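See below for data-v8.tsv, which holds TSV, C-alpha atoms.
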chain	number	residue	atom	x	y	z
P	7	MET	CA	181.49	-65.25	-42.57
P	8	LYS	CA	179.15	-67.78	-40.96
P	9	ILE	CA	178.46	-68.08	-37.24
P	10	LEU	CA	177.06	-71.43	-36.06
P	11	GLY	CA	175.29	-71.71	-32.71
P	12	ILE	CA	175.16	-75.21	-31.23
P	13	TYR	CA	173.08	-75.92	-28.14
P	14	GLY	CA	173.28	-79.10	-26.09
P	15	GLY	CA	170.94	-79.22	-23.11
P	16	GLN	CA	167.42	-80.18	-22.10
P	17	ASP	CA	165.51	-77.05	-23.12
P	18	ALA	CA	166.11	-75.40	-26.50
P	19	ASN	CA	164.01	-72.47	-25.29
P	20	GLY	CA	165.78	-72.22	-21.94
P	21	LEU	CA	168.17	-69.59	-20.66
P	22	THR	CA	171.41	-71.01	-22.08
P	23	ALA	CA	169.90	-71.61	-25.51
P	24	SER	CA	168.37	-68.13	-25.42
P	25	LEU	CA	171.77	-66.65	-24.62
P	26	VAL	CA	173.28	-68.40	-27.65
P	27	LYS	CA	170.45	-67.02	-29.80
P	28	VAL	CA	171.09	-63.48	-28.51
P	29	VAL	CA	174.74	-63.81	-29.51
P	30	LEU	CA	173.63	-64.84	-32.99
P	31	SER	CA	171.16	-61.93	-33.13
P	32	GLY	CA	174.06	-59.52	-32.76
P	33	VAL	CA	175.68	-60.77	-35.96
P	34	ALA	CA	175.05	-58.31	-38.77
P	35	ALA	CA	174.92	-58.94	-42.54
P	36	PRO	CA	176.62	-59.96	-44.70
P	37	ALA	CA	177.61	-62.53	-42.07
P	38	THR	CA	175.08	-65.33	-41.64
P	39	THR	CA	174.00	-67.41	-38.64
P	40	GLU	CA	172.42	-70.78	-37.89
P	41	PHE	CA	171.17	-72.29	-34.63
P	42	VAL	CA	171.41	-76.04	-34.05
P	43	ASP	CA	169.47	-77.78	-31.27
P	44	LEU	CA	171.17	-81.12	-30.61
P	45	ASN	CA	167.90	-82.50	-29.23
P	46	GLN	CA	166.74	-82.72	-32.84
P	47	TYR	CA	169.50	-85.19	-33.72
P	48	GLN	CA	169.92	-88.86	-32.82
P	49	ILE	CA	173.68	-88.71	-32.45
P	50	ARG	CA	175.52	-92.03	-32.45
P	51	PRO	CA	179.19	-92.91	-32.86
P	52	ASP	CA	180.73	-93.93	-36.17
P	53	VAL	CA	180.83	-97.65	-36.84
P	54	SER	CA	183.13	-99.15	-39.44
P	55	ASP	CA	181.45	-99.78	-42.81
P	56	GLN	CA	178.20	-98.12	-41.69
P	57	ALA	CA	176.86	-94.78	-42.90
P	58	ASN	CA	176.32	-92.07	-40.30
P	59	PRO	CA	174.24	-89.33	-41.99
P	60	ILE	CA	173.59	-87.45	-38.73
P	61	LEU	CA	177.28	-86.97	-37.97
P	62	ASP	CA	177.88	-86.21	-41.65
P	63	GLU	CA	175.30	-83.42	-41.48
P	64	LEU	CA	176.71	-81.97	-38.25
P	65	GLU	CA	180.25	-82.21	-39.59
P	66	ALA	CA	179.20	-80.29	-42.71
P	67	LYS	CA	177.60	-77.55	-40.60
P	68	LEU	CA	180.71	-77.26	-38.41
P	69	LYS	CA	182.99	-77.22	-41.43
P	70	SER	CA	181.00	-74.51	-43.23
P	71	ALA	CA	181.07	-72.14	-40.24
P	72	ASP	CA	183.91	-69.79	-39.36
P	73	VAL	CA	182.96	-69.39	-35.69
P	74	TRP	CA	181.09	-71.77	-33.38
P	75	VAL	CA	179.03	-70.51	-30.45
P	76	LEU	CA	178.92	-73.56	-28.18
P	77	GLY	CA	176.19	-73.46	-25.55
P	78	THR	CA	175.48	-75.96	-22.77
P	79	PRO	CA	174.11	-75.52	-19.24
P	80	THR	CA	176.26	-76.69	-16.36
P	81	TYR	CA	174.63	-79.86	-14.99
P	82	PHE	CA	176.22	-81.45	-11.90
P	83	GLY	CA	179.35	-79.40	-12.51
P	84	THR	CA	179.94	-80.23	-16.15
P	85	VAL	CA	178.52	-80.14	-19.70
P	86	ALA	CA	175.04	-81.46	-20.43
P	87	GLY	CA	174.72	-84.99	-21.81
P	88	GLN	CA	173.52	-83.87	-25.23
P	89	PHE	CA	176.60	-81.73	-25.71
P	90	LYS	CA	178.99	-84.38	-24.35
P	91	GLN	CA	177.49	-86.89	-26.78
P	92	LEU	CA	178.38	-84.59	-29.67
P	93	LEU	CA	181.97	-84.17	-28.45
P	94	ASP	CA	182.43	-87.90	-27.87
P	95	CYS	CA	180.94	-89.04	-31.16
P	96	MET	CA	182.64	-86.32	-33.20
P	97	ARG	CA	186.03	-86.98	-31.60
P	98	HIS	CA	187.45	-89.08	-34.43
P	99	ARG	CA	186.38	-86.44	-36.94
P	100	MET	CA	187.68	-83.50	-34.92
P	101	THR	CA	191.08	-85.08	-34.27
P	102	ARG	CA	193.43	-87.63	-35.73
P	103	MET	CA	195.76	-90.04	-33.98
P	104	THR	CA	199.36	-90.87	-34.78
P	105	LYS	CA	200.80	-94.38	-34.56
P	106	GLU	CA	202.30	-93.37	-31.24
P	107	GLY	CA	198.86	-92.43	-29.89
P	108	ASP	CA	199.30	-88.66	-30.03
P	109	THR	CA	196.17	-86.59	-30.67
P	110	LEU	CA	196.47	-84.02	-33.45
P	111	PRO	CA	194.00	-81.48	-34.91
P	112	GLY	CA	191.75	-82.69	-37.70
P	113	ILE	CA	189.62	-81.04	-40.35
P	114	PHE	CA	188.43	-78.15	-38.14
P	115	LYS	CA	191.91	-76.82	-37.38
P	116	ASP	CA	192.13	-73.01	-37.03
P	117	LYS	CA	188.41	-72.39	-36.70
P	118	HIS	CA	187.21	-70.35	-33.70
P	119	TYR	CA	184.70	-70.77	-30.90
P	120	VAL	CA	182.87	-69.08	-28.05
P	121	SER	CA	181.80	-70.98	-24.92
P	122	VAL	CA	178.39	-70.23	-23.35
P	123	THR	CA	177.14	-71.80	-20.12
P	124	SER	CA	174.96	-71.13	-17.08
P	125	CYS	CA	174.56	-72.31	-13.49
P	126	PHE	CA	172.31	-71.94	-10.45
P	127	ALA	CA	175.12	-70.45	-8.32
P	128	THR	CA	175.34	-66.69	-7.85
P	129	ALA	CA	178.12	-64.79	-9.58
P	130	LEU	CA	180.04	-64.44	-6.30
P	131	ASP	CA	179.56	-68.10	-5.42
P	132	ASN	CA	180.64	-69.18	-8.89
P	133	THR	CA	183.77	-67.02	-8.63
P	134	PHE	CA	184.92	-68.77	-5.47
P	135	THR	CA	183.49	-72.28	-5.93
P	136	HIS	CA	184.07	-72.52	-9.70
P	137	GLN	CA	180.74	-74.14	-10.52
P	138	THR	CA	181.15	-73.64	-14.27
P	139	ASP	CA	184.89	-74.28	-14.53
P	140	ALA	CA	184.60	-77.96	-15.40
P	141	THR	CA	182.11	-77.18	-18.16
P	142	LEU	CA	184.38	-74.57	-19.72
P	143	VAL	CA	187.46	-76.78	-19.33
P	144	ALA	CA	185.67	-79.73	-20.97
P	145	ILE	CA	184.87	-77.56	-23.98
P	146	ASP	CA	188.36	-76.06	-24.04
P	147	LYS	CA	190.07	-79.47	-23.94
P	148	ALA	CA	188.06	-80.78	-26.87
P	149	MET	CA	188.55	-77.63	-28.92
P	150	THR	CA	192.27	-77.44	-28.15
P	151	ALA	CA	192.70	-81.03	-29.29
P	152	ALA	CA	190.85	-80.13	-32.50
P	153	GLY	CA	193.03	-77.05	-33.05
P	154	VAL	CA	190.07	-74.66	-32.66
P	155	HIS	CA	190.88	-71.26	-31.14
P	156	LYS	CA	188.91	-69.64	-28.33
P	157	ILE	CA	187.58	-66.12	-28.73
P	158	ALA	CA	185.62	-65.64	-25.51
P	159	GLU	CA	183.42	-67.27	-22.91
P	160	LEU	CA	180.04	-66.13	-21.62
P	161	VAL	CA	178.64	-67.30	-18.27
P	162	LEU	CA	175.13	-66.72	-16.95
P	163	PRO	CA	175.09	-67.31	-13.17
P	164	HIS	CA	172.24	-67.37	-10.63
P	165	THR	CA	169.67	-68.96	-12.94
P	166	TRP	CA	167.68	-70.50	-10.09
P	167	GLY	CA	164.15	-69.12	-10.46
P	168	MET	CA	165.18	-66.99	-13.44
P	169	THR	CA	162.68	-66.98	-16.31
P	170	THR	CA	164.12	-64.30	-18.61
P	171	LEU	CA	167.62	-63.17	-19.43
P	172	PRO	CA	168.88	-60.12	-17.49
P	173	GLU	CA	169.18	-57.01	-19.63
P	174	ALA	CA	172.88	-56.62	-18.83
P	175	LYS	CA	173.60	-60.16	-20.03
P	176	ILE	CA	171.53	-59.60	-23.18
P	177	ASN	CA	173.58	-56.51	-23.97
P	178	GLN	CA	176.82	-58.40	-23.34
P	179	ALA	CA	175.77	-61.29	-25.57
P	180	HIS	CA	174.56	-58.99	-28.34
P	181	ALA	CA	177.83	-57.03	-28.25
P	182	LEU	CA	179.76	-60.29	-28.53
P	183	GLY	CA	177.72	-61.25	-31.59
P	184	THR	CA	178.54	-57.89	-33.16
P	185	LYS	CA	182.24	-58.56	-32.58
P	186	LEU	CA	181.99	-62.01	-34.14
P	187	ALA	CA	180.57	-60.60	-37.36
P	188	THR	CA	183.85	-58.82	-38.06
P	189	PHE	CA	186.21	-61.31	-36.45
P	190	LYS	CA	189.12	-62.13	-38.75
P	191	LYS	CA	192.14	-63.35	-36.83
P	192	LYS	CA	193.09	-65.91	-34.24
P	193	ASP	CA	192.51	-64.97	-30.64
P	194	ASP	CA	192.19	-66.75	-27.33
P	195	GLU	CA	192.06	-65.93	-23.65
P	196	THR	CA	195.32	-67.63	-22.66
P	197	LEU	CA	197.19	-64.33	-22.30
P	198	LYS	CA	194.29	-62.86	-20.33
P	199	ARG	CA	194.38	-65.79	-17.94
P	200	TYR	CA	198.13	-65.40	-17.36
P	201	ILE	CA	197.72	-61.68	-16.73
P	202	LEU	CA	194.93	-62.41	-14.25
P	203	LEU	CA	197.09	-65.02	-12.51
P	204	PHE	CA	200.02	-62.60	-12.32
P	205	GLY	CA	197.72	-59.95	-10.87
P	206	MET	CA	196.44	-62.35	-8.21
P	207	ILE	CA	199.99	-63.31	-7.22
P	208	ALA	CA	201.00	-59.65	-7.05
P	209	ILE	CA	198.04	-58.81	-4.80
P	210	MET	CA	198.83	-61.75	-2.50
P	211	ALA	CA	202.48	-60.66	-2.29
P	212	LEU	CA	201.51	-57.08	-1.45
P	213	ALA	CA	199.05	-58.31	1.18
P	214	THR	CA	201.74	-60.46	2.77
P	215	MET	CA	204.19	-57.56	2.78
P	216	GLY	CA	201.51	-55.43	4.42
P	217	ILE	CA	201.01	-58.03	7.15
P	218	GLN	CA	204.77	-58.10	7.68
P	219	GLN	CA	204.81	-54.34	8.22
P	220	VAL	CA	201.76	-54.29	10.53
P	221	LEU	CA	202.73	-57.37	12.56
P	222	PRO	CA	206.53	-57.46	12.54
P	223	GLY	CA	206.65	-59.81	15.50
P	224	VAL	CA	204.61	-62.43	13.69
P	225	ALA	CA	206.16	-62.01	10.28
P	226	THR	CA	209.83	-61.49	11.25
P	227	ASN	CA	212.10	-62.93	8.56
P	228	PHE	CA	209.01	-64.24	6.74
P	229	TRP	CA	210.52	-63.82	3.26
P	230	TRP	CA	213.80	-65.47	4.30
P	231	ARG	CA	211.96	-68.51	5.73
P	232	TYR	CA	209.61	-68.59	2.72

Structure translated into structure tokens:
Amino acid sequence: MKILGIYGGQDANGLTASLVKVVLSGVAAPATTEFVDLNQYQIRPDVSDQANPILDELEAKLKSADVWVLGTPTYFGTVAGQFKQLLDCMRHRMTRMTKEGDTLPGIFKDKHYVSVTSCFATALDNTFTHQTDATLVAIDKAMTAAGVHKIAELVLPHTWGMTTLPEAKINQAHALGTKLATFKKKDDETLKRYILLFGMIAIMALATMGIQQVLPGVATNFWWRY
């Protein structure tokens, strides 16, 4: 079992990169880990009839790992440029196209990944304004196209003025790394998301029914009109 941490952002010693490293620190032997800072690579797209040793090296690292821990800060509501460059340039290696233009998984099919990101917004603000959603969705879309399965996501909010990782987040990241060391089967958070959505709908329905009971004059025949 090999766990590969990949960081794309401006500071390889910053909070997001540190969070990825904490996840890797939770991985116990005999599993192995490696941390990749994309700032150390001059990533460029493939060009026909030209060698691309940088992408070859990154492809080999991705292929040799069982689980990827993908870390990028949320900049202006989405992934950092360094990480986006990797996704864009690796696209033709991660996926394959049919004659009809359909995108199908490529050589990384059935591997697994964890998403790690951070943002300035507080946890409450991020919950309601979804500051990190576009970052996580960007990663998810690329990985889904490549046939790579999601295990979990880790978000560090309220990083404005923060210089060290909170202890609670360190513990959470370390526990996730421990889980990854023994991870053996496919898993993703799709079912969890549907359960959460169902719960939200149920709560809204109960709240509406409560309003109907408290204010019958306002909500008379609400369900029939709805």

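Distances here use all atoms listed in the file; by that measure, the residue among P:Trp166, P:Phe189, P:Phe126, P:Tyr47 closest to P:Thr80 is P:Phe126.
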
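Distances here use all atoms listed in the file; by that measure, the residue among P:Lys175, P:Lys117, P:Lys8, P:Lys90 closest to P:Gly77 is P:Lys90.
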
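Of the residues listed (P:Ile9, P:Phe82, P:Asp116, P:Ala144), P:Ile9 shows the shortest atom-to-atom separation from P:Leu30; distances use all atoms listed in the file.
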
Worksheet entry | Atomic distance atom CA of P:Thr78 - atom CA of P:Ala35, expressed in Å with one decimal | 26.1 Å

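Taking atom CA of P:Thr188 as the reference point, atom CA of P:Val75 is found at 14.8 Å.
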
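With distances restricted to all atoms listed in the file, P:Ile113 is the closest residue to P:Met100 from P:Ile60, P:Leu186, P:Leu162, P:Ile113.
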
Fill in: Within 12 Å of file point (175.6, -84.8, -27.4), counting all atoms listed in the file, expressed as a ChimeraX atom specification
/P:12-16,42-51,60-61,64,76-78,85-97

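Distance check against P:Gly11 using all atoms listed in the file: of P:Asp146, P:Asp72, P:Asp55, P:Asp139, the minimum falls on P:Asp72.
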
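Of the listed residues (P:Lys27, P:Phe204, P:Met168, P:His180), P:Lys27 comes nearest to P:Phe41; the distances count all atoms listed in the file.
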
Give the centre and edge lengths of an axis-aligned box, in Å to one decimal, that holds all listed atoms of stretch 35-44 of chain P with 5 Å on each side, as lines of an AutoDock Vina configuration file.
center_x = 173.5
center_y = -70.0
center_z = -37.7
size_x = 18.1
size_y = 32.2
size_z = 24.1

Item to complete: Have a look at atom CA of P:Glu65 and atom CA of P:Val120 and let me know their distance in Å, one decimal.
Response: 17.7 Å

Worksheet item: Contacts of P:Thr150 at 12 Å or less, counting only C-alpha atoms, minus same-chain residues fewer than 2 places along, as number ranges by chain?
Response: P: 97, 100-101, 109-112, 114-119, 142-148, 152-156, 194, 196

Go ahead and dump the residues you just picked, C-alpha atoms, as an mmCIF file, keeping the file's coordinate frame.
data_model
loop_
_atom_site.group_PDB
_atom_site.id
_atom_site.type_symbol
_atom_site.label_atom_id
_atom_site.label_comp_id
_atom_site.auth_asym_id
_atom_site.auth_seq_id
_atom_site.Cartn_x
_atom_site.Cartn_y
_atom_site.Cartn_z
ATOM 1 C CA ARG P 97 186.030 -86.980 -31.600
ATOM 2 C CA MET P 100 187.680 -83.500 -34.920
ATOM 3 C CA THR P 101 191.080 -85.080 -34.270
ATOM 4 C CA THR P 109 196.170 -86.590 -30.670
ATOM 5 C CA LEU P 110 196.470 -84.020 -33.450
ATOM 6 C CA PRO P 111 194.000 -81.480 -34.910
ATOM 7 C CA GLY P 112 191.750 -82.690 -37.700
ATOM 8 C CA PHE P 114 188.430 -78.150 -38.140
ATOM 9 C CA LYS P 115 191.910 -76.820 -37.380
ATOM 10 C CA ASP P 116 192.130 -73.010 -37.030
ATOM 11 C CA LYS P 117 188.410 -72.390 -36.700
ATOM 12 C CA HIS P 118 187.210 -70.350 -33.700
ATOM 13 C CA TYR P 119 184.700 -70.770 -30.900
ATOM 14 C CA LEU P 142 184.380 -74.570 -19.720
ATOM 15 C CA VAL P 143 187.460 -76.780 -19.330
ATOM 16 C CA ALA P 144 185.670 -79.730 -20.970
ATOM 17 C CA ILE P 145 184.870 -77.560 -23.980
ATOM 18 C CA ASP P 146 188.360 -76.060 -24.040
ATOM 19 C CA LYS P 147 190.070 -79.470 -23.940
ATOM 20 C CA ALA P 148 188.060 -80.780 -26.870
ATOM 21 C CA ALA P 152 190.850 -80.130 -32.500
ATOM 22 C CA GLY P 153 193.030 -77.050 -33.050
ATOM 23 C CA VAL P 154 190.070 -74.660 -32.660
ATOM 24 C CA HIS P 155 190.880 -71.260 -31.140
ATOM 25 C CA LYS P 156 188.910 -69.640 -28.330
ATOM 26 C CA ASP P 194 192.190 -66.750 -27.330
ATOM 27 C CA THR P 196 195.320 -67.630 -22.660
#

Worksheet item: Excluding same-chain residues fewer than 5 positions from P:Pro79, what lies within 6 Å of it counting only C-alpha atoms, as a ChimeraX atom specification?
Response: /P:22,123-124

Discussion item. At a cut-off of 6 Å around the point (173.7, -70.3, -11.8) (file coordinates), what residues fall inside when counting all atoms listed in the file? I'd like the answer as a PyMOL selection string.
Written reply: chain P and resi 124-128+163-165

For the residues in that selection, give me C-alpha atoms as a PDB file, in the coordinates of the input.
ATOM      1  CA  SER P 124     174.960 -71.130 -17.080  1.00  0.00           C
ATOM      2  CA  CYS P 125     174.560 -72.310 -13.490  1.00  0.00           C
ATOM      3  CA  PHE P 126     172.310 -71.940 -10.450  1.00  0.00           C
ATOM      4  CA  ALA P 127     175.120 -70.450  -8.320  1.00  0.00           C
ATOM      5  CA  THR P 128     175.340 -66.690  -7.850  1.00  0.00           C
ATOM      6  CA  PRO P 163     175.090 -67.310 -13.170  1.00  0.00           C
ATOM      7  CA  HIS P 164     172.240 -67.370 -10.630  1.00  0.00           C
ATOM      8  CA  THR P 165     169.670 -68.960 -12.940  1.00  0.00           C
TER       9      THR P 165
END
